[in-house]
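One structure below.
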Amino acid sequence: NKQAAMKICCIGAGYVGGPTMAMIGFKCPDIEVVVVDINEARIAAWNSDKLPIYEPGLLEVVLAARGRNLFFSTDVNKHVGEADIVFVSVNTPTKTRGVGAGKAADLTYWEGAARVIASVSTSSKIIVEKSTVPVKTADAIEKVLRRNCSDPSVQFEILSNPEFLAEGTAIEDLTNPDRILIGGKDTEAGRAAIATLASVYEHWIAKDRILCTNLWSAELSKLTANAMLAQRISSMNSISALCEATGADVQQVSRAIGTDSRIGPKFLNASVGFGGSCFQKDILNLVYICETVGLQSVAEYWHQVILMNDFQKQRFVERVISAMFNTISKKKIAVFGFAFKSDTGDTRETPAIDVCRGLMADGANLCVYDPEVEDKQIYQDLGTEKFEWDHPSPRSAPIPKTAIAISHDAMEAARDAHAICVLTEWDRFKNYDYQAIYDNMVKPAFIFDGRNILDHAKLREIGFIVYALGKPLDPFLQKHYAARPAVFTAAISHRGKAVKA
Ligand code: UDX
Ligand code: UDX
Ligand code: ADP
């Protein structure tokens, strides 16, 4: 039992804290890493073979380090008290009420963590912001720490170390990140803290990939990176609508522009909309910060990225309804994929929520199949409103129980259905026996591919009427869409718009 060279404690065993600390523990056998959380079930799951989050390769990393120098515990006070470095990786959801509702980040959990740190610390510590927070949060947190710690000899040095991992590829992203970003104060103590944190990452990451900035730049870089990524998707989604109207193919356009080295090929896939816990939240955060400092034009510029995302989901719902003879009432529609992207069971802000609600608002009976999302999560997501200020709309009307079914088998989900909507890009959807699926469906059988992952030519050969996002329309669809020009009305209430109301 060698004494650890350094002790790290991470508050928050979620999507970010869990995998990040597992990787640090895995790569740094000389450092003791303890992940703490107030959620006992979550900690129990981290200590079992059924981890609380689905992430390819994660279990192997956890198994290699757990019990050696990686631990998961609910004893927050003990481990925070002993740590040299405390990472704070608690949830920072968008506020649902009060000032800034729908936009500002809710820092309740962050502040709670700061108060715990202050109350149990008997030695100086480096405090690392890992969760995405509004710019200048470090400032506020520092005040909470200073005012609540009774021992005047204890010093806190605050660093911002935003995490750029994406869900589904977390292990790959953590093993080989584009960069590690560390923001800190330009003081002697600040520089020393940065060097200490850098030394952790230098166990496996080349020095030239570790970027050091001031605190605010690091915090703002994280918001900007997510806003820019989301903006690329909204830009392509806007073009997908134009492609359908003019006969161009959005995938051909993506490929053509992606070869420009200034643009680059990644993140140009048009889709039914972006989701995930970060993009919308971080943009709303950015918008709120801009408004707070009086930069209304800048706020509106970024807000448009979210409005375009809402427009895309709504457009998709409209496409489904108008293709199916303007009525989906009582028709069974199979939904393939509910997670916000493939290789995750996470549904936070998934476009499937708004699309499904839009379809249900028009009376469809849905049968959802997703390989990783848990049933109760789907019911919960489709049954409740997100924000208090959401106006009463078809979306918030009580949904009859019969409107949502869940299946664990794609073939069953599609049996007797009038249509299939592909909402997540799971690989397995590509390889199904669509002839067999077609044979069991009501005719005409429709497929609406919101991710452009299927072989559309082959599906048309089988007999499907296919809507592929941003692609030239089937002659059948052309006729129907012409008969009913898209109006994009209230199928989905605009979260973004309501903010302004
Ligand atoms: C542009 C496109 O680059 C080129 O592919 C197309 O064929 C014609 O339009 P050009 O207008 O000649 O070319 O110059 P470019 O280098 O793109 O710069 C355009 C403007 O953007 C300039 O005013 C430049 O100063 C500005 N710019 C460019 C910035 O402000 N910031 C940058 O990071 C890059
Ligand atoms: C994102 C950032 O990528 C990551 O750096 C940050 O740390 C957290 O937020 P994540 O939300 O996990 O990660 O997934 P990401 O791969 O970025 O996808 C976000 C959404 O955009 C998904 O709904 C995805 O399907 C969608 N998307 C992505 C597209 O619609 N088109 C694309 O080309 C890429
Ligand atoms: P993220 O996606 O940012 O990782 P998650 O919601 O997945 O966010 O995880 C955040 C975790 O932080 C949750 O498991 C929550 O229980 C935990 N948490 C929040 N506040 C505290 C606190 N004061 N002490 C310990 N854990 C906390």
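Residue numbering restarts at 1 in every chain; chains get A, B, ... in the order shown in the structure tokens, and ligands count up from 1 in that same order.
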
For the contact check between chain A and ligand 1, emit one row per residue of chain A within 12 Å, containing the shortest atom pair and the distance in Å rounded to one decimal, counting only C-alpha atoms and all ligand atoms, chain then rising number order, as CSV.
```
residue,atom,partner,partner_atom_place_in_ligand_line,distance
A:Ile257,CA,ligand 1,5 (O),10.3
A:Thr259,CA,ligand 1,5 (O),11.7
A:Asp260,CA,ligand 1,5 (O),8.4
A:Ser261,CA,ligand 1,5 (O),10.5
A:Arg262,CA,ligand 1,3 (O),8.7
A:Ile263,CA,ligand 1,3 (O),10.5
```

_helix (DSSP H, G or I) positions in stretch 432-489 of chain A, given as a list in words_ = Tyr434, Gln435, Ala436, Ile437, Tyr438, Asp439, His456, Ala457, Lys458, Leu459, Arg460, Glu461, Ile462, Pro475, Phe476, Leu477, Gln478, Lys479, His480, Tyr481, Ala482 and Ala483 of chain A

Under the rule of at most 6 Å, produce a per-residue listing of chain A near ligand 2: chain, number, name, the closest pair of atoms, and the distance in Å, as a tab-separated table, using only C-alpha atoms and all ligand atoms.
```
residue	atom	partner	partner_atom_place_in_ligand_line	distance
A:Glu163	CA	ligand 2	7 (O)	5.4
A:Phe164	CA	ligand 2	7 (O)	3.3
A:Leu165	CA	ligand 2	7 (O)	4.3
A:Ala166	CA	ligand 2	12 (O)	3.4
A:Glu167	CA	ligand 2	12 (O)	3.7
A:Asn226	CA	ligand 2	2 (C)	5.9
A:Ile233	CA	ligand 2	31 (N)	5.3
A:Phe267	CA	ligand 2	33 (O)	3.3
A:Leu268	CA	ligand 2	33 (O)	4.2
A:Asn269	CA	ligand 2	33 (O)	3.5
A:Ala270	CA	ligand 2	31 (N)	5.5
A:Ser271	CA	ligand 2	30 (O)	4.5
A:Gly273	CA	ligand 2	30 (O)	5.5
A:Phe274	CA	ligand 2	23 (O)	3.7
A:Gly275	CA	ligand 2	23 (O)	3.7
A:Gly276	CA	ligand 2	11 (O)	4.3
A:Ser277	CA	ligand 2	11 (O)	6.0
A:Cys278	CA	ligand 2	9 (O)	4.7
A:Phe279	CA	ligand 2	9 (O)	5.9
A:Phe340	CA	ligand 2	23 (O)	4.5
A:Lys341	CA	ligand 2	25 (O)	4.3
```

Residues of the last selection are to be written out with N, CA and C atoms, as an mmCIF file, in the first residue's frame.
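Result written to result-v3.cif:
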```cif
data_model
loop_
_atom_site.group_PDB
_atom_site.id
_atom_site.type_symbol
_atom_site.label_atom_id
_atom_site.label_comp_id
_atom_site.auth_asym_id
_atom_site.auth_seq_id
_atom_site.Cartn_x
_atom_site.Cartn_y
_atom_site.Cartn_z
ATOM 1 N N GLU A 163 -14.246 20.102 -20.293
ATOM 2 C CA GLU A 163 -14.139 18.788 -20.919
ATOM 3 C C GLU A 163 -14.793 18.834 -22.293
ATOM 4 N N PHE A 164 -14.097 18.304 -23.296
ATOM 5 C CA PHE A 164 -14.629 18.342 -24.658
ATOM 6 C C PHE A 164 -15.079 16.977 -25.163
ATOM 7 N N LEU A 165 -15.122 15.986 -24.290
ATOM 8 C CA LEU A 165 -15.498 14.646 -24.761
ATOM 9 C C LEU A 165 -16.927 14.641 -25.279
ATOM 10 N N ALA A 166 -17.185 13.820 -26.269
ATOM 11 C CA ALA A 166 -18.548 13.646 -26.770
ATOM 12 C C ALA A 166 -19.036 12.278 -26.326
ATOM 13 N N GLU A 167 -20.316 12.184 -26.030
ATOM 14 C CA GLU A 167 -20.862 10.907 -25.589
ATOM 15 C C GLU A 167 -20.820 9.903 -26.735
ATOM 16 N N ASN A 226 -18.897 24.685 -28.352
ATOM 17 C CA ASN A 226 -20.186 24.018 -28.525
ATOM 18 C C ASN A 226 -21.124 24.834 -29.406
ATOM 19 N N ILE A 233 -24.214 22.497 -37.609
ATOM 20 C CA ILE A 233 -25.340 21.602 -37.876
ATOM 21 C C ILE A 233 -26.566 22.410 -38.306
ATOM 22 N N PHE A 267 -18.808 17.272 -38.797
ATOM 23 C CA PHE A 267 -19.967 17.988 -38.258
ATOM 24 C C PHE A 267 -20.759 18.740 -39.324
ATOM 25 N N LEU A 268 -20.890 18.118 -40.483
ATOM 26 C CA LEU A 268 -21.684 18.731 -41.547
ATOM 27 C C LEU A 268 -22.861 17.849 -41.938
ATOM 28 N N ASN A 269 -23.227 16.903 -41.068
ATOM 29 C CA ASN A 269 -24.349 16.024 -41.398
ATOM 30 C C ASN A 269 -25.674 16.673 -41.027
ATOM 31 N N ALA A 270 -26.483 16.940 -42.047
ATOM 32 C CA ALA A 270 -27.834 17.433 -41.768
ATOM 33 C C ALA A 270 -28.569 16.342 -41.000
ATOM 34 N N SER A 271 -29.449 16.724 -40.121
ATOM 35 C CA SER A 271 -30.158 15.738 -39.311
ATOM 36 C C SER A 271 -31.502 16.307 -38.913
ATOM 37 N N GLY A 273 -32.178 17.217 -36.237
ATOM 38 C CA GLY A 273 -31.904 18.230 -35.217
ATOM 39 C C GLY A 273 -30.823 17.734 -34.282
ATOM 40 N N PHE A 274 -30.062 18.676 -33.708
ATOM 41 C CA PHE A 274 -29.062 18.245 -32.734
ATOM 42 C C PHE A 274 -29.702 18.141 -31.364
ATOM 43 N N GLY A 275 -29.137 17.274 -30.541
ATOM 44 C CA GLY A 275 -29.613 17.137 -29.171
ATOM 45 C C GLY A 275 -28.425 17.038 -28.247
ATOM 46 N N GLY A 276 -28.654 16.463 -27.084
ATOM 47 C CA GLY A 276 -27.567 16.323 -26.118
ATOM 48 C C GLY A 276 -27.665 17.377 -25.027
ATOM 49 N N SER A 277 -26.971 17.115 -23.955
ATOM 50 C CA SER A 277 -27.111 17.984 -22.780
ATOM 51 C C SER A 277 -26.375 19.303 -22.956
ATOM 52 N N CYS A 278 -25.504 19.401 -23.949
ATOM 53 C CA CYS A 278 -24.626 20.576 -24.010
ATOM 54 C C CYS A 278 -25.029 21.671 -24.985
ATOM 55 N N PHE A 279 -25.307 21.300 -26.223
ATOM 56 C CA PHE A 279 -25.416 22.324 -27.257
ATOM 57 C C PHE A 279 -26.450 23.398 -26.922
ATOM 58 N N PHE A 340 -30.192 10.784 -28.260
ATOM 59 C CA PHE A 340 -29.887 11.994 -29.032
ATOM 60 C C PHE A 340 -28.822 11.747 -30.093
ATOM 61 N N LYS A 341 -28.101 10.626 -29.973
ATOM 62 C CA LYS A 341 -27.155 10.205 -31.008
ATOM 63 C C LYS A 341 -26.922 8.716 -30.786
#
```

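You can rank A:Ile53, A:Ala118, A:Cys290, A:Ala241 by their closest distance to A:Glu374 using only C-alpha atoms, and at the top of that list sits A:Ile53.
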
*Pick out the residues no farther than 6 Å from ligand 3, counting only C-alpha atoms and all ligand atoms, and list them as a count of residues only.*
18

*Using only C-alpha atoms, determine which residues lie at most 10 Å from A:Asp449, disregarding the query and same-chain residues fewer than 3 positions distant; provide the list as a PyMOL selection string.*
chain A and resi 271-272+316+336+420-425+446+452-456+466-469

Saved selection, atoms kept: C-alpha atoms, as an mmCIF file, in the first residue's frame:
```cif
data_model
loop_
_atom_site.group_PDB
_atom_site.id
_atom_site.type_symbol
_atom_site.label_atom_id
_atom_site.label_comp_id
_atom_site.auth_asym_id
_atom_site.auth_seq_id
_atom_site.Cartn_x
_atom_site.Cartn_y
_atom_site.Cartn_z
ATOM 1 C CA SER A 271 -30.158 15.738 -39.311
ATOM 2 C CA VAL A 272 -33.570 15.909 -37.734
ATOM 3 C CA PHE A 316 -39.742 16.921 -40.068
ATOM 4 C CA PHE A 336 -36.397 3.907 -34.730
ATOM 5 C CA ILE A 420 -41.088 4.314 -39.784
ATOM 6 C CA CYS A 421 -39.253 7.425 -38.584
ATOM 7 C CA VAL A 422 -35.497 7.056 -38.149
ATOM 8 C CA LEU A 423 -34.460 9.547 -35.477
ATOM 9 C CA THR A 424 -31.104 8.196 -34.249
ATOM 10 C CA GLU A 425 -28.223 7.013 -36.444
ATOM 11 C CA PHE A 446 -43.477 5.126 -45.522
ATOM 12 C CA ASN A 452 -29.863 9.717 -43.906
ATOM 13 C CA ILE A 453 -28.377 6.377 -42.910
ATOM 14 C CA LEU A 454 -30.490 3.960 -44.977
ATOM 15 C CA ASP A 455 -30.100 2.780 -48.554
ATOM 16 C CA HIS A 456 -32.906 4.803 -50.051
ATOM 17 C CA VAL A 466 -39.057 7.273 -48.780
ATOM 18 C CA TYR A 467 -38.479 10.737 -47.397
ATOM 19 C CA ALA A 468 -34.756 11.395 -46.994
ATOM 20 C CA LEU A 469 -33.775 14.610 -45.295
#
```
